[in-house]
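Below is protein-v1.txt, which holds compact mmCIF, C-alpha atoms.
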```txt
# COMPACT_ATOMS: atom_id res chain seq x y z
CA MET A 1 3.16 96.89 -173.34
CA ASP A 2 4.63 95.19 -176.41
CA ALA A 3 1.85 94.84 -178.99
CA SER A 4 3.77 92.51 -181.31
CA PRO A 5 1.98 89.35 -180.00
CA TYR A 6 -1.17 90.88 -181.49
CA TYR A 7 0.01 92.71 -184.59
CA VAL A 8 2.43 90.04 -185.87
CA PRO A 9 -0.26 87.30 -186.09
CA ALA A 10 -2.61 89.83 -187.70
CA LEU A 11 -0.02 90.61 -190.36
CA ALA A 12 0.58 86.89 -190.89
CA LEU A 13 -3.13 86.30 -191.36
CA TRP A 14 -3.58 89.21 -193.74
CA ALA A 15 -0.53 88.14 -195.72
CA GLY A 16 -2.39 84.87 -196.24
CA LEU A 17 -5.44 86.89 -197.29
CA ALA A 18 -3.34 88.76 -199.86
CA ALA A 19 -2.28 85.40 -201.30
CA LYS A 20 -5.95 84.44 -201.68
CA LEU A 21 -7.23 87.72 -203.18
CA PRO A 22 -6.50 86.72 -206.81
CA ASP A 23 -8.62 83.58 -206.30
CA LEU A 24 -11.37 85.69 -204.72
CA VAL A 25 -11.41 88.05 -207.71
CA ARG A 26 -11.57 85.18 -210.20
CA THR A 27 -14.09 83.01 -208.31
CA TRP A 28 -15.96 85.39 -206.03
CA ARG A 29 -19.17 83.37 -206.43
CA ASP A 30 -17.54 80.29 -204.87
CA PRO A 31 -18.73 80.04 -201.22
CA LEU A 32 -15.59 78.12 -200.27
CA VAL A 33 -13.24 80.86 -201.48
CA ARG A 34 -15.38 83.53 -199.81
CA SER A 35 -15.38 81.57 -196.55
CA VAL A 36 -11.58 81.26 -196.56
CA CYS A 37 -11.21 85.00 -197.07
CA TRP A 38 -13.73 85.79 -194.32
CA VAL A 39 -11.91 83.49 -191.88
CA ILE A 40 -8.55 85.09 -192.55
CA PHE A 41 -9.94 88.64 -192.47
CA LEU A 42 -11.87 88.16 -189.22
CA GLY A 43 -8.95 86.39 -187.57
CA GLY A 44 -6.64 89.31 -188.36
CA ALA A 45 -9.25 91.85 -187.27
CA GLY A 46 -9.66 90.04 -183.95
CA PHE A 47 -5.96 90.44 -183.22
CA ILE A 48 -5.88 94.07 -184.35
CA PHE A 49 -8.74 95.05 -182.04
CA ALA A 50 -7.31 93.05 -179.12
CA ALA A 51 -3.99 94.91 -179.22
CA PRO A 52 -3.65 97.40 -176.31
CA PRO A 53 -2.92 100.40 -178.59
CA THR A 54 -6.05 99.64 -180.63
CA VAL A 55 -8.07 99.11 -177.47
CA ALA A 56 -6.99 102.54 -176.24
CA ALA A 57 -7.78 104.16 -179.59
CA VAL A 58 -11.28 102.63 -179.80
CA ASN A 59 -12.14 103.55 -176.22
CA HIS A 60 -10.85 107.08 -176.67
CA ALA A 61 -12.60 107.63 -180.02
CA SER A 62 -15.94 106.34 -178.73
CA GLY A 63 -15.76 107.95 -175.32
CA ILE A 64 -16.99 104.66 -173.80
CA PRO A 65 -14.55 102.91 -171.45
CA ASN A 66 -13.89 99.33 -172.59
CA LEU A 67 -16.05 99.46 -175.73
CA ALA A 68 -13.19 97.68 -177.46
CA ALA A 69 -13.94 94.54 -175.39
CA PRO A 70 -17.37 93.61 -176.80
CA LEU A 71 -16.17 94.68 -180.26
CA ASP A 72 -13.24 92.27 -180.09
CA TYR A 73 -15.40 89.54 -178.54
CA ALA A 74 -17.84 89.92 -181.43
CA LEU A 75 -15.04 89.69 -184.00
CA VAL A 76 -13.57 86.57 -182.38
CA SER A 77 -17.01 84.96 -182.17
CA ALA A 78 -17.66 85.77 -185.83
CA TYR A 79 -14.26 84.25 -186.65
CA SER A 80 -15.22 81.08 -184.76
CA ALA A 81 -18.47 80.81 -186.71
CA ALA A 82 -16.70 81.50 -190.01
CA CYS A 83 -14.23 78.68 -189.32
CA LEU A 84 -17.03 76.22 -188.66
CA VAL A 85 -18.89 77.29 -191.81
CA LEU A 86 -15.69 77.03 -193.85
CA ILE A 87 -15.02 73.49 -192.66
CA LEU A 88 -18.59 72.49 -193.53
CA HIS A 89 -18.34 73.93 -197.06
CA TRP A 90 -14.83 72.55 -197.50
CA ARG A 91 -15.80 69.02 -196.51
CA GLY A 92 -18.86 69.13 -198.76
CA GLY A 93 -21.77 66.72 -198.89
CA PRO A 94 -25.42 67.14 -199.86
CA ALA A 95 -25.88 70.85 -200.58
CA GLY A 96 -29.06 71.16 -198.54
CA HIS A 97 -27.52 69.45 -195.50
CA VAL A 98 -24.43 71.67 -195.64
CA ARG A 99 -26.55 74.82 -195.91
CA ARG A 100 -28.70 73.79 -192.94
CA LEU A 101 -25.72 73.07 -190.71
CA ALA A 102 -23.98 76.28 -191.75
CA ARG A 103 -27.15 78.29 -191.10
CA ARG A 104 -27.50 76.79 -187.59
CA TRP A 105 -23.96 77.79 -186.65
CA GLN A 106 -24.42 81.25 -188.14
CA ILE A 107 -27.68 81.79 -186.24
CA GLY A 108 -26.18 80.44 -183.03
CA TYR A 109 -23.20 82.79 -183.13
CA THR A 110 -25.36 85.73 -184.21
CA VAL A 111 -27.42 85.17 -181.05
CA LEU A 112 -24.19 84.89 -179.04
CA ILE A 113 -22.86 88.19 -180.40
CA THR A 114 -26.19 89.88 -179.70
CA LEU A 115 -26.12 88.63 -176.09
CA LEU A 116 -22.56 89.90 -175.65
CA VAL A 117 -23.64 93.39 -176.70
CA VAL A 118 -26.75 93.31 -174.51
CA LEU A 119 -24.77 92.17 -171.45
CA PHE A 120 -22.18 94.90 -171.97
CA VAL A 121 -24.90 97.54 -172.20
CA MET A 122 -26.56 96.20 -169.02
CA GLY A 123 -23.30 96.08 -167.09
CA ASP A 124 -21.06 98.81 -165.74
CA ALA A 125 -17.35 98.86 -166.62
CA PRO A 126 -16.17 102.42 -165.91
CA VAL A 127 -12.45 101.71 -165.46
CA GLU A 128 -10.57 101.15 -168.72
CA ARG A 129 -8.63 97.86 -168.75
CA ARG A 130 -6.53 97.30 -171.84
CA THR A 131 -4.99 93.90 -171.06
CA ASP A 132 -6.77 92.34 -168.08
CA LEU A 133 -10.46 93.15 -168.55
CA ASP A 134 -11.36 89.44 -168.40
CA THR A 135 -10.12 89.00 -164.86
CA TYR A 136 -10.63 92.55 -163.58
CA TYR A 137 -14.38 92.46 -164.31
CA ALA A 138 -14.86 88.70 -163.78
CA THR A 139 -17.09 89.28 -160.73
CA THR A 140 -18.91 92.38 -162.03
CA PRO A 141 -22.64 91.77 -162.68
CA TRP A 142 -23.48 91.31 -166.36
CA ILE A 143 -19.90 92.05 -167.49
CA GLY A 144 -18.68 88.86 -165.83
CA GLN A 145 -21.46 86.91 -167.57
CA MET A 146 -20.47 88.51 -170.89
CA ILE A 147 -16.88 87.37 -170.42
CA ALA A 148 -17.87 83.82 -169.47
CA LEU A 149 -20.31 83.56 -172.40
CA TYR A 150 -17.66 84.74 -174.86
CA LEU A 151 -15.13 82.20 -173.58
CA LEU A 152 -17.65 79.35 -173.67
CA GLY A 153 -18.61 80.26 -177.23
CA HIS A 154 -14.94 80.24 -178.22
CA MET A 155 -14.39 76.86 -176.55
CA THR A 156 -17.45 75.41 -178.30
CA ALA A 157 -16.10 76.43 -181.70
CA ALA A 158 -12.66 75.07 -180.81
CA VAL A 159 -14.02 71.67 -179.80
CA ALA A 160 -16.39 71.41 -182.78
CA THR A 161 -13.77 72.47 -185.34
CA THR A 162 -11.14 70.16 -183.86
CA ALA A 163 -13.54 67.21 -184.01
CA LEU A 164 -14.58 67.97 -187.60
CA CYS A 165 -11.01 68.35 -188.83
CA TRP A 166 -9.79 65.28 -186.91
CA ARG A 167 -12.45 62.98 -188.37
CA TRP A 168 -11.95 64.33 -191.87
CA ALA A 169 -8.15 64.05 -191.68
CA LEU A 170 -8.48 60.32 -191.05
CA GLN A 171 -10.38 59.93 -194.34
CA VAL A 172 -8.16 61.85 -196.79
CA ARG A 173 -4.56 61.96 -197.99
CA GLY A 174 -2.02 64.38 -199.37
CA TRP A 175 -2.05 68.14 -198.98
CA LEU A 176 -5.60 68.18 -197.65
CA ARG A 177 -4.68 65.84 -194.81
CA ALA A 178 -1.61 67.94 -193.94
CA GLY A 179 -3.75 71.07 -193.83
CA LEU A 180 -6.37 69.42 -191.64
CA TRP A 181 -3.81 68.23 -189.09
CA LEU A 182 -2.44 71.76 -188.94
CA LEU A 183 -5.98 73.00 -188.28
CA VAL A 184 -6.38 70.41 -185.53
CA ALA A 185 -3.20 71.73 -183.90
CA ALA A 186 -4.36 75.33 -184.32
CA TRP A 187 -7.75 74.74 -182.71
CA LEU A 188 -6.24 72.77 -179.85
CA LEU A 189 -4.09 75.85 -179.23
CA ASN A 190 -7.25 77.99 -179.42
CA LEU A 191 -8.93 75.67 -176.94
CA SER A 192 -5.95 76.05 -174.62
CA PHE A 193 -6.27 79.85 -174.95
CA SER A 194 -9.93 79.94 -173.91
CA THR A 195 -9.35 77.32 -171.19
CA LEU A 196 -6.55 79.34 -169.61
CA LYS A 197 -8.71 82.46 -169.76
CA LEU A 198 -11.66 80.69 -168.17
CA ILE A 199 -9.47 79.22 -165.41
CA ALA A 200 -8.16 82.71 -164.59
CA VAL A 201 -11.73 84.07 -164.55
CA ALA A 202 -12.95 81.22 -162.32
CA ALA A 203 -10.03 81.87 -159.98
CA ARG A 204 -11.23 85.46 -159.59
CA TRP A 205 -14.70 84.14 -158.73
CA LYS A 206 -13.05 82.36 -155.81
CA GLY A 207 -10.94 85.35 -154.82
CA THR A 208 -7.67 84.00 -156.25
CA ASP A 209 -5.35 85.91 -158.58
CA TRP A 210 -4.22 83.74 -161.50
CA ASP A 211 -4.21 86.63 -163.94
CA VAL A 212 -0.91 85.53 -165.48
CA LEU A 213 -2.77 82.73 -167.26
CA SER A 214 -5.02 85.26 -169.00
CA THR A 215 -2.65 88.16 -169.64
CA ILE A 216 0.68 86.40 -170.40
CA LEU A 217 0.21 82.77 -171.44
CA ALA A 218 -3.09 82.91 -173.34
CA PRO A 219 -2.14 85.68 -175.84
CA GLY A 220 0.99 83.76 -176.87
CA LEU A 221 -1.02 80.60 -177.53
CA VAL A 222 -3.66 82.32 -179.61
CA GLY A 223 -1.02 84.11 -181.69
CA LEU A 224 0.61 80.81 -182.54
CA ALA A 225 -2.80 79.26 -183.22
CA ALA A 226 -3.67 81.97 -185.75
CA THR A 227 -0.45 81.48 -187.67
CA VAL A 228 -0.81 77.69 -187.74
CA ALA A 229 -4.47 77.98 -188.80
CA THR A 230 -3.58 80.30 -191.68
CA VAL A 231 -1.01 77.83 -192.94
CA GLY A 232 -3.50 75.00 -192.48
CA PHE A 233 -6.14 76.72 -194.62
CA ILE A 234 -3.70 77.75 -197.35
CA VAL A 235 -1.57 74.59 -197.65
CA PRO A 236 -4.26 72.45 -199.38
CA LEU A 237 -5.04 75.33 -201.73
CA LEU A 238 -1.52 76.46 -202.65
CA GLY A 239 0.46 73.27 -202.00
CA PRO A 240 -0.43 71.47 -205.25
CA ARG A 241 0.13 74.68 -207.20
CA ALA A 242 3.54 75.21 -205.61
CA ILE A 243 4.56 71.63 -206.37
CA GLY A 244 3.37 72.07 -209.96
CA LEU A 245 5.45 75.23 -210.36
CA TRP A 246 8.46 73.53 -208.78
CA ARG A 247 8.21 70.59 -211.16
CA ALA A 248 7.79 72.93 -214.12
CA GLY A 249 10.91 74.82 -213.05
CA VAL A 250 12.96 71.64 -212.64
CA THR A 251 11.81 70.29 -216.01
CA TRP A 252 12.57 73.65 -217.67
CA TRP A 253 16.10 73.50 -216.24
CA ARG A 254 16.62 69.86 -217.25
CA LEU A 255 15.62 70.62 -220.85
CA GLY A 256 18.32 73.30 -221.00
CA PRO A 257 21.02 71.21 -222.73
CA LEU A 258 18.62 70.19 -225.52
CA TRP A 259 17.39 73.78 -225.90
CA HIS A 260 20.95 75.14 -226.17
CA GLU A 261 22.01 72.37 -228.56
CA LEU A 262 19.18 73.16 -230.96
CA SER A 263 19.63 76.92 -230.54
CA SER A 264 23.00 76.68 -232.27
CA VAL A 265 21.21 75.76 -235.51
CA SER A 266 20.15 79.37 -236.00
CA PRO A 267 21.99 81.67 -233.56
CA SER A 268 20.44 84.84 -235.00
CA SER A 269 16.85 83.63 -234.61
CA PRO A 270 15.48 82.35 -231.28
CA LEU A 271 13.73 78.99 -231.21
CA ALA A 272 10.60 80.54 -229.69
CA ALA A 273 9.08 83.99 -229.37
CA PRO A 274 10.26 85.92 -226.29
CA ILE A 275 8.02 86.06 -223.24
CA PRO A 276 7.83 88.65 -220.42
CA TRP A 277 10.50 88.37 -217.72
CA TYR A 278 7.84 87.87 -215.04
CA SER A 279 6.35 84.78 -216.72
CA SER A 280 5.89 81.75 -214.47
CA TYR A 281 7.92 78.59 -214.94
CA ALA A 282 4.81 76.88 -216.31
CA VAL A 283 4.76 79.42 -219.16
CA ARG A 284 8.54 79.22 -219.57
CA LEU A 285 8.34 75.43 -219.83
CA THR A 286 5.67 75.65 -222.52
CA GLN A 287 7.85 78.09 -224.46
CA ARG A 288 10.91 75.87 -224.12
CA GLU A 289 9.08 72.73 -225.25
CA ALA A 290 7.57 74.55 -228.25
CA GLY A 291 10.99 75.91 -229.18
CA ILE A 292 12.56 72.46 -228.93
CA GLN A 293 9.96 71.05 -231.32
CA ASP A 294 10.68 73.88 -233.78
CA GLY A 295 14.39 73.16 -233.49
CA LEU A 296 13.81 69.47 -234.17
CA ASN A 297 11.87 70.42 -237.28
CA HIS A 298 14.89 72.41 -238.49
CA VAL A 299 17.29 69.47 -238.16
CA ARG A 300 14.83 66.74 -239.18
CA PRO A 301 16.34 66.31 -242.70
CA HIS A 302 19.68 65.50 -241.06
CA LEU A 303 18.44 62.94 -238.51
CA ASP A 304 20.41 59.82 -239.45
CA ASP A 305 18.92 56.63 -238.03
CA ARG A 306 22.21 54.81 -238.50
CA ILE A 307 23.88 57.12 -236.00
CA ARG A 308 21.04 56.54 -233.54
CA SER A 309 21.28 52.77 -233.95
CA ARG A 310 25.05 52.67 -233.43
CA ALA A 311 24.88 54.91 -230.36
CA GLU A 312 22.04 52.86 -228.87
CA GLU A 313 24.01 49.63 -229.35
CA ALA A 314 27.07 51.21 -227.76
CA ALA A 315 24.99 52.35 -224.80
CA ARG A 316 23.59 48.86 -224.27
CA ALA A 317 27.08 47.41 -224.49
CA ALA A 318 28.14 49.90 -221.81
CA GLY A 319 25.44 48.54 -219.47
CA HIS A 320 22.65 51.09 -219.93
CA GLY A 321 19.04 49.94 -219.68
CA THR A 322 16.64 49.94 -222.61
CA ASP A 323 15.13 53.38 -221.94
CA ASP A 324 18.47 55.06 -221.26
CA ALA A 325 20.07 53.47 -224.31
CA SER A 326 17.17 54.64 -226.49
CA ARG A 327 17.53 58.21 -225.26
CA ILE A 328 21.29 58.18 -225.70
CA GLY A 329 20.76 57.01 -229.28
CA LEU A 330 18.28 59.84 -229.94
CA ALA A 331 20.62 62.38 -228.34
CA ALA A 332 23.54 61.21 -230.49
CA MET A 333 21.40 61.45 -233.63
CA ILE A 334 20.24 64.98 -232.71
CA ALA A 335 23.75 66.17 -231.84
CA ALA A 336 25.08 64.89 -235.16
CA ALA A 337 22.16 66.43 -237.06
CA VAL A 338 22.74 69.82 -235.42
CA ARG A 339 26.40 69.67 -236.40
CA ALA A 340 25.48 68.70 -239.97
CA ARG A 341 22.91 71.51 -240.24
CA CYS A 342 25.32 74.10 -238.87
CA ASN A 343 27.98 73.06 -241.39
CA GLY A 344 25.56 73.16 -244.32
CA ALA A 345 25.69 69.45 -245.07
CA SER A 346 23.13 67.91 -247.39
CA ALA A 347 20.21 65.91 -246.03
CA THR A 348 20.98 62.39 -244.97
CA ALA A 349 19.91 59.43 -247.07
CA ASP A 350 18.57 57.53 -244.08
CA VAL A 351 16.13 59.95 -242.50
CA SER A 352 13.91 58.47 -239.83
CA ASP A 353 10.83 60.08 -238.30
CA HIS A 354 11.00 60.02 -234.48
CA SER A 355 8.35 62.72 -233.97
CA ALA A 356 6.13 60.56 -231.78
CA GLY A 357 8.93 59.53 -229.45
CA LEU A 358 10.38 63.04 -229.20
CA ALA A 359 7.01 64.54 -228.31
CA ALA A 360 7.04 62.91 -224.85
CA ARG A 361 8.37 65.16 -222.07
CA ALA A 362 10.15 62.30 -220.30
CA THR A 363 11.97 61.41 -223.52
CA LEU A 364 13.05 65.01 -224.11
CA VAL A 365 14.36 65.28 -220.55
CA GLY A 366 16.30 62.02 -221.01
CA VAL A 367 17.73 63.22 -224.31
CA ALA A 368 18.78 66.52 -222.72
CA ARG A 369 20.54 64.66 -219.93
CA ALA A 370 22.36 62.44 -222.42
CA LEU A 371 23.50 65.50 -224.38
CA ARG A 372 25.06 66.85 -221.20
CA THR A 373 26.57 63.71 -219.69
CA SER A 374 27.02 60.90 -222.22
CA SER A 375 30.47 60.25 -223.71
CA ILE A 376 28.75 58.26 -226.47
CA VAL A 377 26.87 61.40 -227.54
CA ALA A 378 30.06 63.45 -227.38
CA THR A 379 31.76 60.89 -229.65
CA ALA A 380 28.90 61.04 -232.17
CA ARG A 381 29.04 64.84 -232.16
CA ALA A 382 32.79 64.84 -232.75
CA ALA A 383 32.48 62.21 -235.49
CA ALA A 384 29.87 64.30 -237.27
CA ALA A 385 32.20 67.29 -237.22
CA VAL A 386 35.02 65.21 -238.70
CA ASP A 387 32.76 63.80 -241.43
CA ASP A 388 31.62 67.27 -242.38
CA GLY A 389 35.19 68.47 -242.56
CA ILE A 390 36.14 65.60 -244.85
CA ARG A 391 33.16 66.28 -247.15
CA LYS A 392 34.16 69.92 -247.40
```
If you took the structure in this file and wrote it as structure tokens, what would it be?
Amino acid sequence: MDASPYYVPALALWAGLAAKLPDLVRTWRDPLVRSVCWVIFLGGAGFIFAAPPTVAAVNHASGIPNLAAPLDYALVSAYSAACLVLILHWRGGPAGHVRRLARRWQIGYTVLITLLVVLFVMGDAPVERRTDLDTYYATTPWIGQMIALYLLGHMTAAVATTALCWRWALQVRGWLRAGLWLLVAAWLLNLSFSTLKLIAVAARWKGTDWDVLSTILAPGLVGLAATVATVGFIVPLLGPRAIGLWRAGVTWWRLGPLWHELSSVSPSSPLAAPIPWYSSYAVRLTQREAGIQDGLNHVRPHLDDRIRSRAEEAARAAGHGTDDASRIGLAAMIAAAVRARCNGASATADVSDHSAGLAARATLVGVARALRTSSIVATARAAAAVDDGIRK
């Protein structure tokens, strides 16, 4: 039998766990981070031990037919409890109340797991069943009760987690809300899984064979549920960080024209100290902004406010708004100052200090854009080159 419906979701879950390990190392005392990691680990382990090749290996290694069944049931039940505890810690509230609720769920599922083991020991399941144990032993004393108890415990967790996430999603916004709706979808899929299994088991109680619900349809649903749940848990944690990195990367790229313009002041010496190639865009943006400020300090003696004023007036006459015209004026002044500095011109007589305005990121991005696109800036740059040539 193809084991990919089991191993692929397990790999997806553990890939999510790998993404969370750095957070676990840094904040291992945080119960929320620990709960997330436990949920992802137990979910992946449940799939691994439900896969037919793993079932065969466990049964063979232990010498006990079908020992893999209670082991996997225990892992899935622990996963259900871990999800409930995670949602409680995630939602927050009075610390004592959260601890009490979490403890009740933990105790309840500990009792459930203990009963599953006891029922398996009391029952008799001599024939190894790797894929259809649920329905094959549905009518066997004690083993059938173990199967029904496991499915009811799974359904209870599915209903409780769905209700918790649904109510919370209606109260929040943003990435958290998106993650909660994904968790609602995942646990509805989990509920469908246990419902299909229970229907197939009940059919066996009545002498009917609906095994296809348990052996074909249910595993596909739970695999999809695990993947969706992993994304749901990780999206609120990594989403804001990903957006922050994306914005840093876009801003870094948009500042490029200003960076390259100022770099021409001293081609042999970089504007900022080099950084490792693997640095994030947040670090690269900090380096670029620091280098731009150093470059502005180099050309500051050549910043001519008359050039800025003329370019700003020309921009307004061309129909630009106040902010755009101001940034075009600053860009023209910087372009002319860079040209003057490169040609060794003396400091201008009408130096103006625009440090405060040029410290704002939005202003720098607007100036960079004007350097790249504005014909008014290009005219000021060309005029500065002509003036320098005449002076020489």
Which neighbours of Leu119 of chain A fall inside 7 Å, counting all atoms listed in the file, when residues of the same chain fewer than 2 positions from it are skipped, and could you give them as a list in words?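 Listed by chain and then number, they are Leu115, Leu116, Val117, Val121, Met122, Gly123, Trp142, Ile143 and Met146 of chain A.
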Ala248 of chain A surroundings by all atoms listed in the file, 9 Å radius, close-in-sequence under 2 positions cut, as an MDAnalysis selection string: chainID A and resid 243:246 250:253 281:285
Please measure the separation of atom CA of Asn297 of chain A and atom CA of Ala315 of chain A, giving the value in Å to one decimal.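 Computed distance, atom CA of Asn297 of chain A to atom CA of Ala315 of chain A, equals 25.6 Å.
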For Met155 of chain A, which of A:Leu176, A:Ala15, A:Ala51, A:Leu191 is the closest residue, counting only C-alpha atoms?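 Selected residue with least distance to Met155 of chain A: A:Leu191.
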Distance query segment 321-337 of chain A at most 8 Å, all atoms listed in the file, self and fewer than 4 positions along chain excluded, as a PyMOL selection string: chain A and resi 261+296+299-300+302-305+307-313+315-316+341+363+366-368+370-371+374+376-378+380-381+383-385
A:Ala158, A:Leu258, A:Ala68, A:Ala345: which is nearest Arg369 of chain A, counting only C-alpha atoms?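 That would be A:Leu258, the residue with the smallest distance to Arg369 of chain A.
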Under the rule that only C-alpha atoms are counted, which of A:Ile234, A:Val265, A:Ala157, A:Leu182 is the nearest residue to Ala169 of chain A? A:Leu182
Quote the spacing between atom CA of Val8 of chain A and atom CA of Tyr109 of chain A in Å to one decimal place.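 Atom CA of Tyr109 of chain A lies at a distance of 26.8 Å from atom CA of Val8 of chain A.
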